[in-house]
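S.K.: So that you have it, the file is entry31.cif, and it contains mmCIF, C-alpha atoms:
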data_run
#
loop_
_atom_site.label_atom_id
_atom_site.label_comp_id
_atom_site.auth_asym_id
_atom_site.auth_seq_id
_atom_site.Cartn_x
_atom_site.Cartn_y
_atom_site.Cartn_z
CA MET A 87 20.97 -15.31 -15.98
CA THR A 88 21.54 -18.54 -13.97
CA ALA A 89 18.71 -17.64 -11.62
CA LEU A 90 16.42 -16.95 -14.56
CA ALA A 91 17.35 -20.24 -16.18
CA SER A 92 16.66 -21.99 -12.89
CA LEU A 93 13.24 -20.37 -12.65
CA GLU A 94 12.38 -21.38 -16.16
CA ARG A 95 13.58 -24.89 -15.40
CA ASP A 96 11.27 -25.14 -12.36
CA ALA A 97 8.27 -23.93 -14.34
CA GLU A 98 9.10 -26.32 -17.15
CA LEU A 99 9.34 -29.24 -14.74
CA MET A 100 6.04 -28.30 -13.13
CA VAL A 101 4.33 -28.12 -16.53
CA ARG A 102 5.62 -31.63 -17.21
CA VAL A 103 4.24 -32.79 -13.85
CA ARG A 104 0.90 -31.33 -14.93
CA GLU A 105 1.11 -33.46 -18.05
CA GLY A 106 1.59 -36.58 -15.91
CA ASP A 107 5.37 -36.88 -15.76
CA ASP A 108 6.13 -38.04 -12.20
CA THR A 109 9.88 -38.07 -12.86
CA SER A 110 9.76 -34.28 -13.14
CA PHE A 111 8.05 -34.14 -9.75
CA ALA A 112 10.92 -36.18 -8.29
CA LEU A 113 13.38 -33.70 -9.84
CA LEU A 114 11.53 -30.74 -8.35
CA LEU A 115 11.45 -32.48 -4.99
CA ASN A 116 15.18 -33.08 -5.19
CA ARG A 117 15.87 -29.41 -5.97
CA HIS A 118 13.63 -27.86 -3.33
CA ARG A 119 13.29 -30.43 -0.55
CA ALA A 120 16.17 -29.15 1.60
CA PRO A 121 15.45 -25.38 1.32
CA VAL A 122 11.77 -25.91 2.14
CA VAL A 123 12.33 -28.23 5.10
CA HIS A 124 15.19 -26.07 6.44
CA PHE A 125 13.00 -22.97 6.24
CA LEU A 126 10.20 -24.80 8.04
CA TYR A 127 12.62 -26.12 10.65
CA ARG A 128 13.77 -22.58 11.48
CA MET A 129 10.17 -21.38 11.54
CA VAL A 130 8.82 -24.04 13.91
CA GLN A 131 12.15 -25.05 15.52
CA ASN A 132 11.22 -28.71 15.52
CA GLN A 133 12.66 -31.13 12.97
CA GLY A 134 9.81 -33.67 13.12
CA VAL A 135 7.16 -31.02 12.60
CA ALA A 136 9.25 -29.37 9.86
CA GLU A 137 9.41 -32.63 7.90
CA GLU A 138 5.70 -33.26 8.37
CA LEU A 139 4.86 -29.76 7.12
CA GLY A 140 7.37 -30.22 4.29
CA GLN A 141 5.52 -33.36 3.21
CA GLU A 142 2.29 -31.38 3.19
CA VAL A 143 3.88 -28.65 1.04
CA PHE A 144 4.98 -31.07 -1.68
CA LEU A 145 1.73 -33.01 -1.46
CA ARG A 146 -0.19 -29.80 -2.12
CA VAL A 147 2.10 -28.97 -5.03
CA TYR A 148 1.40 -32.41 -6.51
CA LYS A 149 -2.35 -32.14 -5.98
CA SER A 150 -2.41 -28.70 -7.60
CA ARG A 151 -0.55 -29.87 -10.69
CA ALA A 152 -3.69 -29.93 -12.85
CA THR A 153 -4.39 -26.24 -12.27
CA TYR A 154 -0.77 -25.03 -12.29
CA GLU A 155 -0.07 -22.05 -14.54
CA PRO A 156 3.51 -20.75 -14.74
CA THR A 157 2.45 -17.16 -14.08
CA ALA A 158 4.45 -16.68 -10.86
CA LYS A 159 7.88 -17.94 -9.90
CA PHE A 160 7.72 -21.54 -8.80
CA THR A 161 9.77 -20.90 -5.64
CA THR A 162 7.49 -18.00 -4.67
CA TRP A 163 4.51 -20.32 -4.94
CA LEU A 164 6.34 -23.10 -3.08
CA PHE A 165 7.40 -20.84 -0.20
CA ARG A 166 3.96 -19.27 -0.06
CA ILE A 167 2.51 -22.70 0.68
CA ALA A 168 5.28 -23.44 3.20
CA THR A 169 4.88 -20.09 4.97
CA HIS A 170 1.11 -20.46 5.09
CA LEU A 171 1.41 -23.90 6.71
CA ALA A 172 4.05 -22.74 9.20
CA LEU A 173 2.10 -19.61 10.20
CA ASN A 174 -1.05 -21.70 10.68
CA TRP A 175 0.88 -24.18 12.80
CA LEU A 176 2.29 -21.38 14.96
CA ARG A 177 -1.07 -19.60 15.16
CA ASP A 178 -2.80 -22.75 16.38
CA GLY A 179 -0.37 -22.80 19.30
CA LYS A 180 0.94 -26.22 18.39
CA ALA A 181 4.46 -25.06 19.19
CA GLU A 182 3.58 -25.13 22.87
CA LYS A 183 2.19 -28.64 22.57
CA ALA A 184 5.30 -30.00 20.88
CA SER A 185 6.76 -32.48 23.28
CA GLU A 186 10.40 -31.81 22.59
CA SER A 187 12.42 -30.07 25.26
CA ILE A 188 15.05 -27.40 24.71
CA ASP A 189 17.79 -29.97 25.40
CA GLU A 190 16.47 -32.30 22.73
CA ARG A 191 16.29 -29.46 20.27
CA VAL A 192 19.95 -28.65 20.84
CA ASP A 193 20.85 -32.30 20.23
CA GLU A 194 18.99 -32.46 16.95
CA GLY A 195 21.13 -29.69 15.46
CA PRO A 196 23.60 -30.33 12.69
CA VAL A 197 26.63 -32.41 13.38
CA ARG A 198 29.39 -29.87 13.21
CA GLU A 199 31.98 -32.55 13.69
CA LEU A 200 35.00 -30.87 12.14
CA ARG A 201 34.55 -27.70 14.15
CA ASP A 202 33.69 -29.49 17.40
CA ARG A 203 36.53 -31.96 17.26
CA ALA A 204 39.00 -29.13 17.35
CA ALA A 205 37.19 -27.20 20.02
CA ASN A 206 37.40 -28.19 23.63
CA VAL A 207 34.37 -28.91 25.76
CA GLU A 208 34.25 -25.40 27.14
CA GLN A 209 34.32 -23.85 23.69
CA ARG A 210 31.59 -26.20 22.57
CA MET A 211 29.40 -25.15 25.48
CA VAL A 212 29.98 -21.51 24.63
CA ASN A 213 29.02 -22.18 21.01
CA GLU A 214 25.88 -24.01 22.01
CA ALA A 215 24.86 -21.24 24.40
CA ARG A 216 25.45 -18.69 21.64
CA LEU A 217 23.43 -20.76 19.19
CA GLY A 218 20.64 -21.10 21.74
CA GLU A 219 20.49 -17.32 22.12
CA VAL A 220 20.27 -16.83 18.35
CA ARG A 221 17.45 -19.37 18.13
CA SER A 222 15.59 -17.82 21.04
CA ALA A 223 15.97 -14.32 19.60
CA ILE A 224 14.57 -15.46 16.26
CA GLU A 225 11.81 -17.46 17.94
CA ALA A 226 10.76 -14.36 19.87
CA LEU A 227 10.15 -12.39 16.68
CA PRO A 228 6.54 -12.03 15.48
CA ALA A 229 5.81 -14.89 13.05
CA LYS A 230 5.68 -12.75 9.90
CA GLN A 231 8.92 -10.94 10.75
CA ARG A 232 10.51 -14.31 11.45
CA ALA A 233 9.44 -15.65 8.06
CA ALA A 234 10.78 -12.55 6.32
CA VAL A 235 14.14 -12.74 8.12
CA LEU A 236 14.55 -16.46 7.40
CA MET A 237 13.81 -16.03 3.71
CA HIS A 238 16.13 -13.02 3.48
CA LYS A 239 19.00 -14.50 5.46
CA TYR A 240 18.98 -18.21 4.68
CA GLU A 241 17.19 -18.43 1.33
CA GLU A 242 18.82 -15.22 0.05
CA MET A 243 15.55 -14.02 -1.45
CA GLU A 244 15.11 -10.52 -2.85
CA TYR A 245 12.64 -8.12 -1.24
CA SER A 246 10.27 -8.51 -4.20
CA GLN A 247 10.20 -12.29 -3.89
CA ILE A 248 9.59 -12.16 -0.13
CA ALA A 249 6.76 -9.72 -0.86
CA GLY A 250 5.31 -12.25 -3.31
CA VAL A 251 5.47 -15.00 -0.71
CA LEU A 252 3.96 -12.93 2.10
CA GLY A 253 1.42 -11.25 -0.14
CA CYS A 254 2.40 -7.69 0.72
CA SER A 255 4.23 -4.78 -0.87
CA GLU A 256 8.00 -4.54 -1.18
CA SER A 257 8.07 -1.53 1.13
CA ALA A 258 6.10 -3.50 3.72
CA VAL A 259 8.72 -6.27 3.52
CA LYS A 260 11.52 -3.75 4.01
CA SER A 261 9.72 -2.37 7.02
CA LEU A 262 9.25 -5.88 8.45
CA LEU A 263 12.91 -6.73 7.92
CA PHE A 264 14.29 -3.46 9.34
CA ARG A 265 12.22 -3.86 12.50
CA ALA A 266 13.16 -7.52 12.84
CA TYR A 267 16.89 -6.91 12.43
CA GLU A 268 16.72 -3.95 14.78
CA THR A 269 15.23 -6.27 17.43
CA LEU A 270 17.87 -8.92 16.73
CA ARG A 271 20.71 -6.36 16.96
CA ALA A 272 19.40 -5.27 20.35
CA ARG A 273 18.91 -8.82 21.66
CA LEU A 274 22.18 -10.19 20.37
CA ALA A 275 24.34 -7.12 21.01
CA HIS A 276 26.25 -8.91 23.77
CA LEU A 277 27.43 -11.59 21.33
CA ALA A 278 29.50 -9.08 19.38
CA MET D 21 28.31 10.64 0.41
CA ARG D 22 25.32 11.89 2.37
CA CYS D 23 24.77 9.90 5.59
CA PRO D 24 22.31 7.09 4.74
CA MET D 25 20.81 7.38 8.23
CA GLU D 26 19.67 10.90 7.39
CA SER D 27 18.31 9.96 3.98
CA GLY D 28 16.35 7.00 5.40
CA LYS D 29 18.39 4.46 3.42
CA GLY D 30 20.64 3.49 6.32
CA ALA D 31 18.98 0.21 7.28
CA GLU D 32 18.79 -0.99 3.69
CA ILE D 33 22.43 -0.23 2.96
CA VAL D 34 23.62 -1.78 6.22
CA LEU D 35 21.59 -4.93 5.52
CA ALA D 36 22.97 -5.16 2.01
CA LEU D 37 26.52 -4.70 3.32
CA ALA D 38 26.16 -7.45 5.94
CA ALA D 39 24.57 -9.78 3.37
CA GLY D 40 27.39 -9.14 0.92
CA ARG D 41 24.93 -7.68 -1.59
CA LEU D 42 26.40 -4.18 -1.61
CA GLU D 43 28.83 -3.99 -4.46
CA GLY D 44 30.97 -1.71 -6.58
CA ALA D 45 30.92 2.02 -6.20
CA GLU D 46 28.05 1.97 -3.70
CA ARG D 47 30.00 -0.27 -1.34
CA GLN D 48 33.15 1.79 -1.71
CA ALA D 49 31.27 5.01 -1.01
CA PHE D 50 29.60 3.58 2.09
CA GLU D 51 32.90 2.22 3.45
CA GLN D 52 34.49 5.64 3.02
CA HIS D 53 31.49 7.19 4.77
CA MET D 54 31.76 4.73 7.67
CA ALA D 55 35.34 5.82 8.27
CA GLU D 56 33.95 9.23 9.22
CA CYS D 57 30.48 8.39 10.60
CA ALA D 58 30.49 6.61 13.95
CA ALA D 59 26.71 5.95 13.92
CA CYS D 60 26.85 4.12 10.58
CA ARG D 61 29.95 2.21 11.66
CA ARG D 62 28.31 1.03 14.90
CA MET D 63 25.16 -0.07 13.09
CA ALA D 64 27.11 -1.92 10.40
CA GLU D 65 29.22 -3.70 13.03
CA ALA D 66 26.12 -4.73 15.00
CA GLN D 67 24.41 -6.03 11.87
CA THR D 68 27.49 -7.95 10.73
CA SER D 69 27.71 -9.50 14.20
CA VAL D 70 24.04 -10.63 14.04
CA TRP D 71 24.61 -11.94 10.53
CA SER D 72 27.59 -14.08 11.52
CA ALA D 73 25.80 -15.33 14.67
CA MET D 74 22.92 -16.45 12.47
CA ASP D 75 25.37 -18.19 10.15
CA GLU D 76 26.14 -20.64 12.95
CA TRP D 77 22.57 -21.91 12.97
CA ALA D 78 22.63 -24.66 10.39
CA ALA D 79 19.53 -26.78 9.86
CA PRO D 80 19.73 -30.56 10.27
CA ALA D 81 19.74 -32.79 7.23
CA VAL D 82 16.38 -33.97 5.94
CA ALA D 83 15.61 -37.61 6.81
CA ASP D 84 16.45 -40.15 4.09
CA SER D 85 12.94 -41.52 4.30
CA PHE D 86 11.38 -38.17 3.36
CA ASP D 87 10.93 -38.93 -0.35
CA ALA D 88 9.66 -42.47 0.22
CA ARG D 89 7.06 -41.25 2.73
CA LEU D 90 5.95 -38.51 0.38
CA MET D 91 5.66 -40.81 -2.63
CA ALA D 92 3.60 -43.24 -0.53
CA ARG D 93 1.20 -40.40 0.31
CA VAL D 94 1.09 -39.29 -3.31
CA ALA D 95 0.24 -42.85 -4.41
CA THR D 96 -2.54 -43.23 -1.83
CA PRO D 97 -5.85 -42.11 -3.30
CA GLU D 98 -7.52 -39.52 -1.16
CA PRO D 99 -10.80 -40.71 0.41
CA ARG D 100 -13.72 -39.10 -1.39
CA ARG D 101 -16.09 -36.86 0.48
CA TRP D 102 -19.82 -37.64 0.43
CA TRP D 103 -20.69 -34.78 -1.92
CA GLN D 104 -17.99 -35.91 -4.34
CA LEU D 105 -19.55 -39.38 -4.39
CA GLY D 106 -22.94 -37.90 -5.32
CA TRP D 107 -21.30 -35.82 -7.98
CA ASP D 108 -19.67 -38.89 -9.48
CA PHE D 109 -22.91 -40.89 -9.52
CA GLY D 110 -24.60 -38.77 -12.11
CA TRP D 111 -25.77 -35.72 -10.18
CA ARG D 112 -23.84 -33.48 -12.51
CA PRO D 113 -26.93 -32.62 -14.68
CA ALA D 114 -29.08 -32.02 -11.58
CA LEU D 115 -28.14 -28.35 -11.37
CA PRO D 116 -29.25 -27.26 -14.87
CA VAL D 117 -32.38 -29.48 -14.65
CA GLY D 118 -33.30 -27.92 -11.29
CA ALA D 119 -32.76 -24.42 -12.68
CA ALA D 120 -34.98 -25.21 -15.70
CA CYS D 121 -37.77 -26.52 -13.40
CA LEU D 122 -37.63 -23.35 -11.31
CA ALA D 123 -37.85 -21.21 -14.45
CA LEU D 124 -40.89 -23.17 -15.68
CA LEU D 125 -42.58 -22.83 -12.30
CA GLY D 126 -41.96 -19.08 -12.40
CA VAL D 127 -43.55 -18.78 -15.86
CA PHE D 128 -46.55 -20.88 -14.76
CA LEU D 129 -47.15 -18.76 -11.69
CA LEU D 130 -46.87 -15.60 -13.75
CA HIS D 131 -49.70 -16.70 -16.03
CA ASN D 132 -51.81 -18.45 -13.38
CA PRO D 133 -51.81 -16.33 -10.28
CA TRP D 134 -52.39 -18.13 -7.07
CA PRO D 135 -56.18 -18.24 -6.18
CA GLN D 136 -57.16 -15.80 -3.47
CA VAL D 137 -58.37 -17.36 -0.28
CA VAL D 138 -61.81 -16.09 0.81
CA PRO D 139 -62.41 -16.19 4.55
CA PRO D 140 -65.26 -18.61 5.42
CA VAL D 141 -68.65 -17.04 6.26
CA LYS D 142 -70.15 -18.02 9.58
CA PRO D 143 -73.40 -20.01 9.13
CA VAL D 144 -76.57 -18.30 10.30
CA ALA D 145 -77.47 -21.18 12.59
CA GLN D 146 -74.21 -20.73 14.34
CA VAL D 147 -75.02 -17.05 14.84
CA GLN D 148 -78.40 -17.90 16.27
CA GLN D 149 -76.91 -20.34 18.67
CA THR D 150 -75.24 -17.50 20.35
CA VAL D 151 -78.61 -15.76 21.22
CA ASP D 152 -79.46 -15.93 24.85
CA VAL D 153 -82.36 -18.32 25.73
CA ASP D 154 -83.67 -16.05 28.51
CA GLN D 155 -83.89 -13.20 26.05
CA VAL D 156 -85.99 -15.36 23.68
CA GLU D 157 -88.35 -16.35 26.48
CA SER D 158 -88.74 -12.74 27.54
CA THR D 159 -89.55 -11.73 23.95
CA LEU D 160 -92.17 -14.49 23.63
CA ASP D 161 -93.80 -13.37 26.90
CA ASP D 162 -93.91 -9.81 25.58
CA LEU D 163 -95.62 -11.00 22.39
CA ASP D 164 -98.22 -12.97 24.39
CA MET D 165 -98.98 -9.90 26.49
CA LEU D 166 -99.43 -7.78 23.35
CA ASN D 167 -101.78 -10.38 21.84
CA GLN D 168 -103.92 -10.29 24.94
CA LEU D 169 -104.09 -6.51 24.78
CA ASP D 170 -105.07 -6.46 21.10
CA ALA D 171 -107.82 -9.12 21.37
CA PRO D 172 -111.48 -7.66 21.56
CA ALA D 173 -113.10 -7.94 24.92
CA SER D 174 -115.69 -10.79 24.84
CA PRO D 175 -119.14 -9.94 26.14
CA PRO D 176 -120.00 -11.26 29.51
CA HIS D 177 -121.90 -14.55 29.37
CA ASP D 178 -125.70 -14.10 30.13
CA SER D 179 -127.16 -17.33 31.44
CA SER D 180 -130.78 -16.00 31.45
CA ALA D 181 -130.93 -15.01 27.77
CA GLY D 182 -131.89 -18.41 26.31
CA SER D 183 -134.57 -19.14 28.83
#
Mind turning the file's structure into structure tokens?
M.R.:
Amino acid sequence: MTALASLERDAELMVRVREGDDTSFALLLNRHRAPVVHFLYRMVQNQGVAEELGQEVFLRVYKSRATYEPTAKFTTWLFRIATHLALNWLRDGKAEKASESIDERVDEGPVRELRDRAANVEQRMVNEARLGEVRSAIEALPAKQRAAVLMHKYEEMEYSQIAGVLGCSESAVKSLLFRAYETLRARLAHLA
Amino acid sequence: MRCPMESGKGAEIVLALAAGRLEGAERQAFEQHMAECAACRRMAEAQTSVWSAMDEWAAPAVADSFDARLMARVATPEPRRWWQLGWDFGWRPALPVGAACLALLGVFLLHNPWPQVVPPVKPVAQVQQTVDVDQVESTLDDLDMLNQLDAPASPPHDSSAGS
């Protein structure tokens, strides 16, 4: 019921944006900024690029306001734009051109101060190595599998919604996810 | 409970269990099954391990300047493309007007077929110019010879007749 109310709220806000209410756009931005940018960050593994693509996502939403019809879920539409941009970015091979090194990428991660303060240096190094392996394993997945896994794991989307974002059937999404998790189980088995 | 691996539902149930989306009787039944089925237990443990490893990967916070940068881009009018400029300067009716002109031209051509082009005839003089001069001379000589043959033989001149 809460999820349904939330969906209706998003559509309602977007209809108001269509009618020229920029405050509603700011509200939508506030609700979806973090999930979209976090998803993009995990897709491209570069915070600067993720924010730039995130800007493009919301800019496209704003530009499309005049033609918006609340026929599909707002988040499905939003993540469809985000996924499309991320897949294009990865397809164009821009990931290889990104100037950031692996070390810089580790530094840009979240500040897990509370956990790290308690842990000693050795434990922290172990954690970082473990995190690096998770990131590498996810990065090695085919782009569409990666998108499906990230939406399933971190955005807690249902199969049907992921199917709506990726433009395929629900059974195709299940197949993508099962293969992706099978690969991850094999690659990360030693972390158990 | 029938082993989900055999029924083809194994991966889905294991994923749901690791994600915490398997609830109620279904969860209870699968947990009881795992106590007896080593394959399902191993797969569920591996998936739970992957799930918790992925939990450690938190994304960094979005920059504070994100909204301000976006709003600045939203406020900036997009530069118009050249065809949009033409469209704005009154070319909007050009399409129906053009279509009407084409229709009129079609009707006109239907009632007034295009005149057929007749290939030009070569002038006679031009044809004659191509006749060989030697051949003409030869023909004239032949005609002279024939004239001489047809002419009556003149009597021989008698100088003593008048005297």
S.K.: Using all atoms listed in the file and a cut-off of 7 Å, which residues of chain D sit close to chain A? Please list them as a list in words.
M.R.: Ala31, Ala66, Gln67, Ser69, Val70, Ala73, Met74, Glu76, Trp77, Ala78, Ala79, Pro80, Val82, Leu90 and Val94 of chain D
S.K.: Could the residues in this selection be written to a file with C-alpha atoms, as a PDB file, in the coordinates of the input?
M.R.:
ATOM      1  CA  ALA D  31      18.980   0.210   7.280  1.00  0.00           C
ATOM      2  CA  ALA D  66      26.120  -4.730  15.000  1.00  0.00           C
ATOM      3  CA  GLN D  67      24.410  -6.030  11.870  1.00  0.00           C
ATOM      4  CA  SER D  69      27.710  -9.500  14.200  1.00  0.00           C
ATOM      5  CA  VAL D  70      24.040 -10.630  14.040  1.00  0.00           C
ATOM      6  CA  ALA D  73      25.800 -15.330  14.670  1.00  0.00           C
ATOM      7  CA  MET D  74      22.920 -16.450  12.470  1.00  0.00           C
ATOM      8  CA  GLU D  76      26.140 -20.640  12.950  1.00  0.00           C
ATOM      9  CA  TRP D  77      22.570 -21.910  12.970  1.00  0.00           C
ATOM     10  CA  ALA D  78      22.630 -24.660  10.390  1.00  0.00           C
ATOM     11  CA  ALA D  79      19.530 -26.780   9.860  1.00  0.00           C
ATOM     12  CA  PRO D  80      19.730 -30.560  10.270  1.00  0.00           C
ATOM     13  CA  VAL D  82      16.380 -33.970   5.940  1.00  0.00           C
ATOM     14  CA  LEU D  90       5.950 -38.510   0.380  1.00  0.00           C
ATOM     15  CA  VAL D  94       1.090 -39.290  -3.310  1.00  0.00           C
TER      16      VAL D  94
END
S.K.: What does the distance from CA of Ser222 (chain A) to CA of Ser85 (chain D) come to in Å, to one decimal?
M.R.: 29.1 Å
S.K.: Considering all atoms listed in the file, return as a PDB file with C-alpha atoms, in the coordinates of the input whatever protein or nucleic-acid residues lie within 12 Å of Arg177 (chain A), sequence-local ones (same chain, fewer than 6 positions apart) excluded.
M.R.:
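Written output follows (result_5.pdb):
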ATOM      1  CA  MET A 129      10.170 -21.380  11.540  1.00  0.00           C
ATOM      2  CA  VAL A 130       8.820 -24.040  13.910  1.00  0.00           C
ATOM      3  CA  THR A 169       4.880 -20.090   4.970  1.00  0.00           C
ATOM      4  CA  HIS A 170       1.110 -20.460   5.090  1.00  0.00           C
ATOM      5  CA  LEU A 171       1.410 -23.900   6.710  1.00  0.00           C
ATOM      6  CA  PRO A 228       6.540 -12.030  15.480  1.00  0.00           C
ATOM      7  CA  ALA A 229       5.810 -14.890  13.050  1.00  0.00           C
ATOM      8  CA  LYS A 230       5.680 -12.750   9.900  1.00  0.00           C
TER       9      LYS A 230
END
S.K.: From the options A:Val143, A:Gly179, A:Leu164, A:Val135, which residue's atoms come nearest to Met100 (chain A), counting only C-alpha atoms?
M.R.: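 Closest to Met100 (chain A) of all the choices is A:Leu164.
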S.K.: Tell me, in Å to one decimal, how far CA of Ala81 (chain D) is from CA of His118 (chain A).
M.R.: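 Going from CA of Ala81 (chain D) over to CA of His118 (chain A) covers 13.2 Å.
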S.K.: So which residues fall inside 12 Å of (30.8, 9.0, 5.6) if we count only C-alpha atoms? Mind giving them as a ChimeraX atom specification?
M.R.: /D:21-26,30,46-61
S.K.: Restricted to C-alpha atoms, what would the selected residues look like written as a CSV table (one decimal), in the frame of the given file?
M.R.:
chain,number,residue,atom,x,y,z
D,21,MET,CA,28.3,10.6,0.4
D,22,ARG,CA,25.3,11.9,2.4
D,23,CYS,CA,24.8,9.9,5.6
D,24,PRO,CA,22.3,7.1,4.7
D,25,MET,CA,20.8,7.4,8.2
D,26,GLU,CA,19.7,10.9,7.4
D,30,GLY,CA,20.6,3.5,6.3
D,46,GLU,CA,28.0,2.0,-3.7
D,47,ARG,CA,30.0,-0.3,-1.3
D,48,GLN,CA,33.2,1.8,-1.7
D,49,ALA,CA,31.3,5.0,-1.0
D,50,PHE,CA,29.6,3.6,2.1
D,51,GLU,CA,32.9,2.2,3.4
D,52,GLN,CA,34.5,5.6,3.0
D,53,HIS,CA,31.5,7.2,4.8
D,54,MET,CA,31.8,4.7,7.7
D,55,ALA,CA,35.3,5.8,8.3
D,56,GLU,CA,34.0,9.2,9.2
D,57,CYS,CA,30.5,8.4,10.6
D,58,ALA,CA,30.5,6.6,14.0
D,59,ALA,CA,26.7,6.0,13.9
D,60,CYS,CA,26.8,4.1,10.6
D,61,ARG,CA,30.0,2.2,11.7
S.K.: Identify, on the basis of all atoms listed in the file, every residue whose closest approach to Val103 (chain A) does not exceed 12 Å; exclude the query and any residue fewer than 3 positions from it along the same chain; express the result as number ranges by chain.
M.R.: A: 96-100, 106-115, 147-155
S.K.: I'd like the interatomic distance between CA of Gln247 (chain A) and CA of Thr162 (chain A), to a tenth of an Å.
M.R.: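 Answer for the CA of Gln247 (chain A) to CA of Thr162 (chain A) separation: 6.4 Å.
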S.K.: Within 12 Å of Leu252 (chain A), counting only C-alpha atoms, which residues show up once you throw out same-chain ones fewer than 5 positions away? Write them as a PyMOL selection string, please.
M.R.: chain A and resi 162-170+173+229-235+237+245-247+258-259+262
S.K.: Nearest to Thr161 (chain A) among A:Val101, A:Met243, A:Leu227, A:Cys254, with distances taken over all atoms listed in the file: which residue is it?
M.R.: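 Looking only at the distances to Thr161 (chain A), the closest residue turns out to be A:Met243.
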